[in-house]
Amino acid sequence: MNYFLTEEQRMIVDICKEITEKKIKPVRAELDQNQVFPSEIIQEIGNADLFRLFIPEEYEGMGTGIFEVCLATEELSRGDLSVATSYAASGLGFLPILISGNKQQKEKYLPLLASGQKLAAFGLTEPEAGSDAGAIQTKAVLEGDYYVLNGTKQWITNGGEADIYTIFAMTDPKKGSRGASAFIVKKGTEGFDFGKKEDKMGIRASATRELIFNNCKIPKENMIGREGMGFLVAMKTLDQSRPAVGSQGVGLAQGALEEALAYAKVRKQFSNTISSFQAIRHMLADMATQIEAARNLVYYAAKAIDSGQKDISRLSAMSKVFASDMAMQVTTDAVQIFGGYGYMKEYPAEKMMRDAKILQIYEGTNQIQRDVIALDLVKKGF
Amino acid sequence: MVKIKVVVCIKQVPGTTDIHIDPQTNTLVREGVENIINPFDNYALEEGVRLKEKSEEISQTVALTMGPPQAEQILKDALSVGMDEAVLLSDREFAGADTWATAVTLAAAVKKIGDAGLVIFGKQTLDGDTGQVGPEFAQRMHMPFIGYVSKICKLDRKSIQAERLMEHGYEIIEAQLPAAISVVKDINEPRVPSLRGKMKAKKMEIPVWDRHHIGLDAEQVGLSGSFTQVVKVFTPQSKHEVMMLEGSTAEQVEKLFGKLKQLNVVQGA
Ligand SMILES: Cc1cc2nc3c(=O)[nH]c(=O)nc-3n(C[C@H](O)[C@H](O)[C@H](O)COP(=O)(O)OP(=O)(O)OC[C@H]3O[C@@H](n4cnc5c(N)ncnc54)[C@H](O)[C@@H]3O)c2cc1C
């Protein structure tokens, strides 16, 4: 299937395929086992111009859209979800600057992020504020030319590895979610420290860390958008980034299907390959069909965003929910096809299943996504 | 002194280890096989690109190959990993070249490119497997040659210092430029192409030079310029016989000597 890709889009896929086959697959089990952040692979991804996909040409990007980002993310996820998460999370970190930043901010930060020299991170979640992002307690108080930040962010992807952080904090706690603002905070700023690194079920090679702000002074000009717009910036960012989570699901599931198919064709029981048994064949057929359906939904959502469509929350949420639920199912089935071997770490299936789970949780749980879809549906109909 | 160019010589080979030989012509069967850059040459390209990135002394990197028109593809691949320029040597008259005729042809092209301070080869090719083209090229150019380089320690406009891998360890060798080297896998980790590189490569026109462009006579190239000819290619049947000798050292020596005498390898009492 060629998905009607342009020549440039095919080049993107080819490059990512090479990274997946040559650089990721040989080391993914080890990275997972030892929880090592894949710095070298991320650098390779940067050198291959893949961070440029997010960014307009005037800031040294390639001027492509979310669709191209999804193509790259899908192919990298076929190799390893930790790598793909680290890649996509940098995009999530700088999308707020791209969407709502001013010209000076874009000129200052985007070229560094486009080259992959620097990574970004997105800091919204807190110990007491997950799905209820409006409940964040980190405060930013204006003092002269500075905002002073106090509070703790939790489970921030690329924490410690990134140089540029988009942080959401309350500038006017009385106003609830309308009192939040977004800031750019650089690593190394006084009063900004990292807490513990999490020991996780899956995507173990990705960095998930606490960010601690203790009287951290940030220049006023580092505010993204206007005071009180923080929540809006976060929601707009997530609307645009969710299809990329969908493409993580598609790529991961594709990888699992490939492994399961190859195994089913060589594993013999009752004197026949297990791929000759209808029970296995139908499972493979369902996996392939579900992947294809998810891929098409993700591509469609991404293209809708790139075409400038305004009302994208519903579609974007659908692509995330469907593709991540699908990935959970397909990776679980892959383990099933491998039988007991699937449960063992010698084969990649169990890791894929562990990795898949995060897709139903981060960037808004699938329950919250269904809320978004339903709200939009009930309010606007079709 | 002018800045130097780095020329990297690469070859297109069948992308498989499952090579078939045509029993009639004793040449490789190329139909239905995807062609790739000779795997060892990827290290040569990577080293060329890295040298240019690191050093102010280098004006340009050029990828060079001799082959059929389709070999243009590997030059595009070379451009997409960061080589500045590429040249394709293609002429019907080049066909059937042995290692010497190939070396002569490459040498003429490198002269035409001009200012080449360093010429890099892969250690050997996957198909021919001789490892001779590099040394023969250097001989033809009267250049020093350092084979099996695993690290370039120093490079300026006048000289190169390189570490090379020998069977029993490493040697560090210094040579005057211009020089030729061949590189082994340990030297680096080749990068994947970049998107900008691929797009640049797609747009670039690669010059094709024939025998006249590089000023060689018909007798110097291709089959006519070759001293050797492949008469037959076959997989040797290897028969290994292993015998373990036991006992004290003296007894083992005794037994070994007896066996060697029996096989007429040594003579004596
Ligand atoms: C590995 C990892 C990486 C992460 N990376 C980042 C990052 O880079 N940046 C960042 O800001 N955050 C990040 N997060 C946080 C992530 O986005 C949150 O975990 C997620 O939004 C859910 O919040 P919570 O974990 O507090 O769950 P809770 O909000 O406590 O939810 C618990 C359960 O209740 C359900 N629930 C909650 N509210 C409702 C409701 N109203 N209706 C129905 N069901 C509901 C949820 O669906 C869930 O099943 C990351 C998390 C993980 C695990």
# chains A, B, ... in the order shown; residues from 1 in each chain; ligands from 1
$ closest_atom_pairs --of "chain A" --to "chain B" --cutoff "8 Å" --atoms "only C-alpha atoms" --output "CSV"
residue,atom,partner,partner_atom,distance
A:Glu8,CA,B:Met199,CA,7.6
A:Met11,CA,B:Leu195,CA,6.9
A:Ile12,CA,B:Leu195,CA,6.6
A:Ile15,CA,B:Pro193,CA,6.5
A:Glu18,CA,B:Val192,CA,6.7
A:Ile19,CA,B:Val192,CA,6.7
A:Glu44,CA,B:Arg191,CA,7.1
A:Asn47,CA,B:Ser194,CA,6.4
A:Ala48,CA,B:Ser194,CA,3.6
A:Asp49,CA,B:Leu195,CA,5.7
A:Leu50,CA,B:Leu195,CA,7.4
$ write_last_selection --atoms "N, CA, C and O atoms" --output "short mmCIF file (atom, residue, chain, number, x, y, z; two decimals), in the first residue's frame"
data_model
loop_
_atom_site.label_atom_id
_atom_site.label_comp_id
_atom_site.auth_asym_id
_atom_site.auth_seq_id
_atom_site.Cartn_x
_atom_site.Cartn_y
_atom_site.Cartn_z
N GLU A 8 8.66 13.35 -1.29
CA GLU A 8 9.29 13.82 -0.05
C GLU A 8 8.80 12.99 1.14
O GLU A 8 9.57 12.61 2.01
N MET A 11 10.48 9.77 1.20
CA MET A 11 11.86 9.91 1.70
C MET A 11 11.87 9.89 3.23
O MET A 11 12.73 9.27 3.84
N ILE A 12 10.90 10.58 3.82
CA ILE A 12 10.82 10.63 5.29
C ILE A 12 10.65 9.21 5.84
O ILE A 12 11.36 8.79 6.76
N ILE A 15 13.91 7.15 5.42
CA ILE A 15 14.95 7.52 6.39
C ILE A 15 14.63 6.91 7.76
O ILE A 15 15.49 6.31 8.40
N GLU A 18 15.27 3.25 7.90
CA GLU A 18 16.69 2.94 8.06
C GLU A 18 17.11 3.11 9.52
O GLU A 18 17.88 2.29 10.05
N ILE A 19 16.61 4.16 10.16
CA ILE A 19 16.95 4.37 11.57
C ILE A 19 16.39 3.21 12.40
O ILE A 19 17.07 2.66 13.26
N GLU A 44 20.89 11.01 16.03
CA GLU A 44 20.77 10.53 14.65
C GLU A 44 19.48 11.06 14.01
O GLU A 44 19.46 11.50 12.86
N ASN A 47 20.09 14.66 13.21
CA ASN A 47 20.93 14.81 12.03
C ASN A 47 20.19 14.50 10.74
O ASN A 47 20.50 15.03 9.69
N ALA A 48 19.21 13.63 10.85
CA ALA A 48 18.44 13.24 9.66
C ALA A 48 17.35 14.28 9.34
O ALA A 48 16.54 14.07 8.44
N ASP A 49 17.34 15.37 10.09
CA ASP A 49 16.39 16.50 9.86
C ASP A 49 14.97 16.21 10.31
O ASP A 49 14.04 16.93 9.91
N LEU A 50 14.77 15.20 11.14
CA LEU A 50 13.39 14.83 11.46
C LEU A 50 12.71 15.78 12.44
O LEU A 50 11.49 15.87 12.47
#
$ residues_around --residues "range 366-381 of chain A" --least-positions-apart "3" --cutoff "9 Å" --atoms "only C-alpha atoms" --output "JSON, numbers by chain"
{"A": [131, 313, 314, 315, 317, 318, 320, 321, 322, 324, 325, 359, 360, 361, 362]}
$ write_last_selection --atoms "N, CA, C and O atoms" --output "PDB file, in the first residue's frame"
ATOM      1  N   SER A 131      -5.718  14.385  34.935  1.00  0.00           N
ATOM      2  CA  SER A 131      -6.804  14.654  33.990  1.00  0.00           C
ATOM      3  C   SER A 131      -7.377  16.051  34.218  1.00  0.00           C
ATOM      4  O   SER A 131      -7.737  16.750  33.277  1.00  0.00           O
ATOM      5  N   SER A 313     -10.820  19.057  17.580  1.00  0.00           N
ATOM      6  CA  SER A 313     -10.724  18.326  18.843  1.00  0.00           C
ATOM      7  C   SER A 313     -11.301  16.922  18.742  1.00  0.00           C
ATOM      8  O   SER A 313     -10.690  15.951  19.184  1.00  0.00           O
ATOM      9  N   ARG A 314     -12.494  16.827  18.162  1.00  0.00           N
ATOM     10  CA  ARG A 314     -13.174  15.534  18.115  1.00  0.00           C
ATOM     11  C   ARG A 314     -12.373  14.519  17.304  1.00  0.00           C
ATOM     12  O   ARG A 314     -12.071  13.419  17.775  1.00  0.00           O
ATOM     13  N   LEU A 315     -11.994  14.921  16.106  1.00  0.00           N
ATOM     14  CA  LEU A 315     -11.269  14.032  15.204  1.00  0.00           C
ATOM     15  C   LEU A 315      -9.904  13.644  15.793  1.00  0.00           C
ATOM     16  O   LEU A 315      -9.482  12.481  15.743  1.00  0.00           O
ATOM     17  N   ALA A 317      -9.061  13.591  18.944  1.00  0.00           N
ATOM     18  CA  ALA A 317      -9.269  12.677  20.073  1.00  0.00           C
ATOM     19  C   ALA A 317      -9.616  11.277  19.578  1.00  0.00           C
ATOM     20  O   ALA A 317      -9.138  10.273  20.114  1.00  0.00           O
ATOM     21  N   MET A 318     -10.449  11.206  18.523  1.00  0.00           N
ATOM     22  CA  MET A 318     -10.821   9.898  17.963  1.00  0.00           C
ATOM     23  C   MET A 318      -9.586   9.137  17.482  1.00  0.00           C
ATOM     24  O   MET A 318      -9.454   7.934  17.707  1.00  0.00           O
ATOM     25  N   LYS A 320      -6.561   9.370  18.497  1.00  0.00           N
ATOM     26  CA  LYS A 320      -5.748   8.931  19.642  1.00  0.00           C
ATOM     27  C   LYS A 320      -6.394   7.734  20.332  1.00  0.00           C
ATOM     28  O   LYS A 320      -5.731   6.729  20.614  1.00  0.00           O
ATOM     29  N   VAL A 321      -7.688   7.823  20.612  1.00  0.00           N
ATOM     30  CA  VAL A 321      -8.397   6.743  21.308  1.00  0.00           C
ATOM     31  C   VAL A 321      -8.360   5.447  20.496  1.00  0.00           C
ATOM     32  O   VAL A 321      -7.979   4.390  21.001  1.00  0.00           O
ATOM     33  N   PHE A 322      -8.747   5.562  19.256  1.00  0.00           N
ATOM     34  CA  PHE A 322      -8.888   4.356  18.446  1.00  0.00           C
ATOM     35  C   PHE A 322      -7.540   3.666  18.243  1.00  0.00           C
ATOM     36  O   PHE A 322      -7.414   2.451  18.421  1.00  0.00           O
ATOM     37  N   SER A 324      -4.768   3.937  20.003  1.00  0.00           N
ATOM     38  CA  SER A 324      -4.100   3.428  21.203  1.00  0.00           C
ATOM     39  C   SER A 324      -4.818   2.190  21.754  1.00  0.00           C
ATOM     40  O   SER A 324      -4.163   1.246  22.190  1.00  0.00           O
ATOM     41  N   ASP A 325      -6.142   2.183  21.706  1.00  0.00           N
ATOM     42  CA  ASP A 325      -6.867   0.959  22.111  1.00  0.00           C
ATOM     43  C   ASP A 325      -6.503  -0.196  21.178  1.00  0.00           C
ATOM     44  O   ASP A 325      -6.290  -1.332  21.614  1.00  0.00           O
ATOM     45  N   LEU A 359       0.035   4.499  25.889  1.00  0.00           N
ATOM     46  CA  LEU A 359      -0.694   5.265  24.862  1.00  0.00           C
ATOM     47  C   LEU A 359      -2.142   5.526  25.268  1.00  0.00           C
ATOM     48  O   LEU A 359      -2.765   6.478  24.810  1.00  0.00           O
ATOM     49  N   GLN A 360      -2.665   4.670  26.144  1.00  0.00           N
ATOM     50  CA  GLN A 360      -4.040   4.880  26.618  1.00  0.00           C
ATOM     51  C   GLN A 360      -4.089   5.862  27.785  1.00  0.00           C
ATOM     52  O   GLN A 360      -5.164   6.229  28.247  1.00  0.00           O
ATOM     53  N   ILE A 361      -2.898   6.250  28.265  1.00  0.00           N
ATOM     54  CA  ILE A 361      -2.853   7.104  29.461  1.00  0.00           C
ATOM     55  C   ILE A 361      -2.375   8.533  29.173  1.00  0.00           C
ATOM     56  O   ILE A 361      -3.039   9.493  29.539  1.00  0.00           O
ATOM     57  N   TYR A 362      -1.190   8.649  28.512  1.00  0.00           N
ATOM     58  CA  TYR A 362      -0.662  10.031  28.431  1.00  0.00           C
ATOM     59  C   TYR A 362      -1.314  10.873  27.330  1.00  0.00           C
ATOM     60  O   TYR A 362      -2.053  10.379  26.512  1.00  0.00           O
TER      61      TYR A 362
END
$ residues_near_ligand --ligand "ligand 1" --cutoff "7 Å" --atoms "only C-alpha atoms and all ligand atoms" --output "list of chain:residue names"
A:Ala89, A:Ala121, A:Phe122, A:Gly123, A:Leu124, A:Thr125, A:Pro127, A:Glu128, A:Ala129, A:Gly130, A:Ser131, A:Asp132, A:Gln154, A:Trp155, A:Ile156, A:Thr157, A:Asn158, A:Thr208, A:Ile358, A:Ile361, A:Tyr362, A:Glu363, A:Gly364, A:Thr365, A:Asn366, A:Gln367, A:Ile368
$ select_by_dssp --residues "range 101-197 of chain B" --states "strand (DSSP E or B)" --output "PyMOL selection string"
chain B and resi 116-122+145-155+159-166+169-176+179-183
$ write_last_selection --atoms "N, CA, C and O atoms" --output "compact mmCIF listing (two decimals), in the first residue's frame"
# COMPACT_ATOMS: atom_id res chain seq x y z
N ALA B 116 43.26 16.40 -5.15
CA ALA B 116 42.86 15.35 -4.20
C ALA B 116 44.00 15.12 -3.22
O ALA B 116 45.08 14.69 -3.60
N GLY B 117 43.76 15.42 -1.95
CA GLY B 117 44.79 15.20 -0.94
C GLY B 117 44.68 13.83 -0.33
O GLY B 117 45.66 13.22 0.07
N LEU B 118 43.46 13.34 -0.27
CA LEU B 118 43.25 12.04 0.35
C LEU B 118 42.19 11.28 -0.45
O LEU B 118 41.14 11.82 -0.79
N VAL B 119 42.51 10.01 -0.76
CA VAL B 119 41.55 9.17 -1.48
C VAL B 119 41.23 7.99 -0.57
O VAL B 119 42.13 7.30 -0.10
N ILE B 120 39.94 7.80 -0.31
CA ILE B 120 39.54 6.77 0.64
C ILE B 120 38.81 5.62 -0.07
O ILE B 120 37.93 5.85 -0.90
N PHE B 121 39.19 4.42 0.28
CA PHE B 121 38.53 3.21 -0.24
C PHE B 121 37.97 2.40 0.91
O PHE B 121 38.46 2.51 2.04
N GLY B 122 36.98 1.57 0.62
CA GLY B 122 36.57 0.55 1.58
C GLY B 122 37.61 -0.54 1.57
O GLY B 122 38.37 -0.67 0.61
N PHE B 145 50.20 4.39 0.48
CA PHE B 145 48.92 3.73 0.76
C PHE B 145 48.93 3.17 2.18
O PHE B 145 49.87 2.49 2.58
N ILE B 146 47.88 3.48 2.92
CA ILE B 146 47.73 2.87 4.25
C ILE B 146 46.45 2.04 4.23
O ILE B 146 45.36 2.58 4.06
N GLY B 147 46.63 0.73 4.37
CA GLY B 147 45.47 -0.16 4.32
C GLY B 147 44.89 -0.43 5.69
O GLY B 147 45.58 -0.26 6.70
N TYR B 148 43.63 -0.83 5.74
CA TYR B 148 42.95 -1.26 6.97
C TYR B 148 42.95 -0.21 8.08
O TYR B 148 43.19 -0.51 9.25
N VAL B 149 42.72 1.03 7.70
CA VAL B 149 42.75 2.11 8.69
C VAL B 149 41.53 2.02 9.60
O VAL B 149 40.39 1.91 9.15
N SER B 150 41.80 2.06 10.92
CA SER B 150 40.70 2.00 11.87
C SER B 150 40.50 3.34 12.57
O SER B 150 39.55 3.53 13.31
N LYS B 151 41.43 4.27 12.33
CA LYS B 151 41.28 5.60 12.93
C LYS B 151 42.21 6.59 12.24
O LYS B 151 43.37 6.27 11.99
N ILE B 152 41.67 7.75 11.92
CA ILE B 152 42.55 8.80 11.41
C ILE B 152 42.88 9.70 12.59
O ILE B 152 42.01 10.34 13.17
N CYS B 153 44.15 9.70 12.97
CA CYS B 153 44.55 10.44 14.17
C CYS B 153 44.75 11.90 13.84
O CYS B 153 44.45 12.77 14.66
N LYS B 154 45.27 12.19 12.68
CA LYS B 154 45.60 13.58 12.35
C LYS B 154 45.55 13.75 10.84
O LYS B 154 45.93 12.86 10.09
N LEU B 155 45.06 14.89 10.39
CA LEU B 155 45.09 15.18 8.96
C LEU B 155 45.26 16.68 8.79
O LEU B 155 44.51 17.47 9.35
N SER B 159 50.00 16.10 5.59
CA SER B 159 50.21 14.71 5.99
C SER B 159 49.01 14.12 6.72
O SER B 159 48.12 14.84 7.18
N ILE B 160 49.09 12.80 6.79
CA ILE B 160 48.04 12.07 7.51
C ILE B 160 48.70 11.14 8.50
O ILE B 160 49.78 10.58 8.22
N GLN B 161 48.07 11.00 9.67
CA GLN B 161 48.54 10.00 10.62
C GLN B 161 47.36 9.08 10.89
O GLN B 161 46.28 9.55 11.26
N ALA B 162 47.56 7.79 10.65
CA ALA B 162 46.43 6.88 10.78
C ALA B 162 46.80 5.63 11.56
O ALA B 162 47.96 5.18 11.53
N GLU B 163 45.82 5.11 12.26
CA GLU B 163 46.01 3.88 13.01
C GLU B 163 45.45 2.77 12.16
O GLU B 163 44.36 2.91 11.61
N ARG B 164 46.18 1.69 12.05
CA ARG B 164 45.60 0.61 11.26
C ARG B 164 45.61 -0.72 12.00
O ARG B 164 46.43 -0.98 12.86
N LEU B 165 44.67 -1.50 11.59
CA LEU B 165 44.40 -2.75 12.27
C LEU B 165 45.22 -3.84 11.61
O LEU B 165 45.07 -4.11 10.43
N MET B 166 46.10 -4.46 12.38
CA MET B 166 46.83 -5.59 11.85
C MET B 166 46.38 -6.83 12.60
O MET B 166 45.63 -6.73 13.56
N GLY B 169 47.62 -6.51 16.27
CA GLY B 169 47.57 -5.25 17.01
C GLY B 169 47.41 -4.07 16.08
O GLY B 169 47.01 -4.23 14.93
N TYR B 170 47.71 -2.90 16.62
CA TYR B 170 47.54 -1.69 15.84
C TYR B 170 48.89 -1.08 15.48
O TYR B 170 49.85 -1.20 16.23
N GLU B 171 48.93 -0.41 14.32
CA GLU B 171 50.11 0.34 13.93
C GLU B 171 49.69 1.78 13.71
O GLU B 171 48.59 2.02 13.22
N ILE B 172 50.55 2.71 14.06
CA ILE B 172 50.26 4.09 13.71
C ILE B 172 51.24 4.52 12.63
O ILE B 172 52.45 4.38 12.79
N ILE B 173 50.69 4.97 11.50
CA ILE B 173 51.52 5.26 10.35
C ILE B 173 51.31 6.70 9.93
O ILE B 173 50.18 7.20 9.93
N GLU B 174 52.40 7.36 9.58
CA GLU B 174 52.26 8.71 9.07
C GLU B 174 52.67 8.71 7.61
O GLU B 174 53.61 8.02 7.23
N ALA B 175 51.96 9.43 6.77
CA ALA B 175 52.30 9.48 5.36
C ALA B 175 52.12 10.90 4.84
O ALA B 175 51.34 11.68 5.37
N GLN B 176 52.88 11.22 3.80
CA GLN B 176 52.73 12.51 3.14
C GLN B 176 51.47 12.49 2.28
O GLN B 176 51.10 11.45 1.75
N ALA B 179 47.68 11.00 -0.39
CA ALA B 179 47.79 9.59 -0.01
C ALA B 179 46.45 8.90 -0.23
O ALA B 179 45.42 9.55 -0.38
N ALA B 180 46.53 7.57 -0.26
CA ALA B 180 45.30 6.78 -0.35
C ALA B 180 45.23 5.87 0.87
O ALA B 180 46.26 5.44 1.37
N ILE B 181 44.02 5.63 1.33
CA ILE B 181 43.84 4.72 2.46
C ILE B 181 42.66 3.80 2.20
O ILE B 181 41.78 4.11 1.38
N SER B 182 42.64 2.67 2.88
CA SER B 182 41.41 1.88 2.88
C SER B 182 40.99 1.74 4.33
O SER B 182 41.83 1.70 5.23
N VAL B 183 39.67 1.72 4.56
CA VAL B 183 39.19 1.75 5.94
C VAL B 183 38.42 0.48 6.29
O VAL B 183 37.83 -0.17 5.43
$ atom_distance --atom1 "CA of Pro38 in chain A" --atom2 "CA of Glu74 in chain A"
17.5 Å
$ atom_distance --atom1 "CA of Lys259 in chain B" --atom2 "CA of Pro236 in chain B"
25.2 Å
$ atom_distance --atom1 "CA of Ser181 in chain A" --atom2 "CA of Met229 in chain A"
5.5 Å
$ select_by_dssp --residues "range 119-316 of chain A" --states "alpha helix (DSSP H)" --output "PyMOL selection string"
chain A and resi 230-266+278-306+313-316
$ closest_residue --among "A:Thr237, A:Ser77, A:Asn214, A:Thr138" --to "Ser100 in chain A" --atoms "only C-alpha atoms"
A:Thr237
$ residues_around --residues "range 70-72 of chain B" --least-positions-apart "5" --cutoff "10 Å" --atoms "only C-alpha atoms" --output "PyMOL selection string"
chain B and resi 10-13+35-37+64-65+77-78+86-90+205-208
$ closest_residue --among "A:Lys357, A:Lys187, A:His282, A:Lys139" --to "Met170 in chain A" --atoms "only C-alpha atoms"
A:Lys139
$ closest_residue --among "A:Ala135, A:Cys216, A:Ala244, A:Val83" --to "Tyr300 in chain A" --atoms "only C-alpha atoms"
A:Ala244
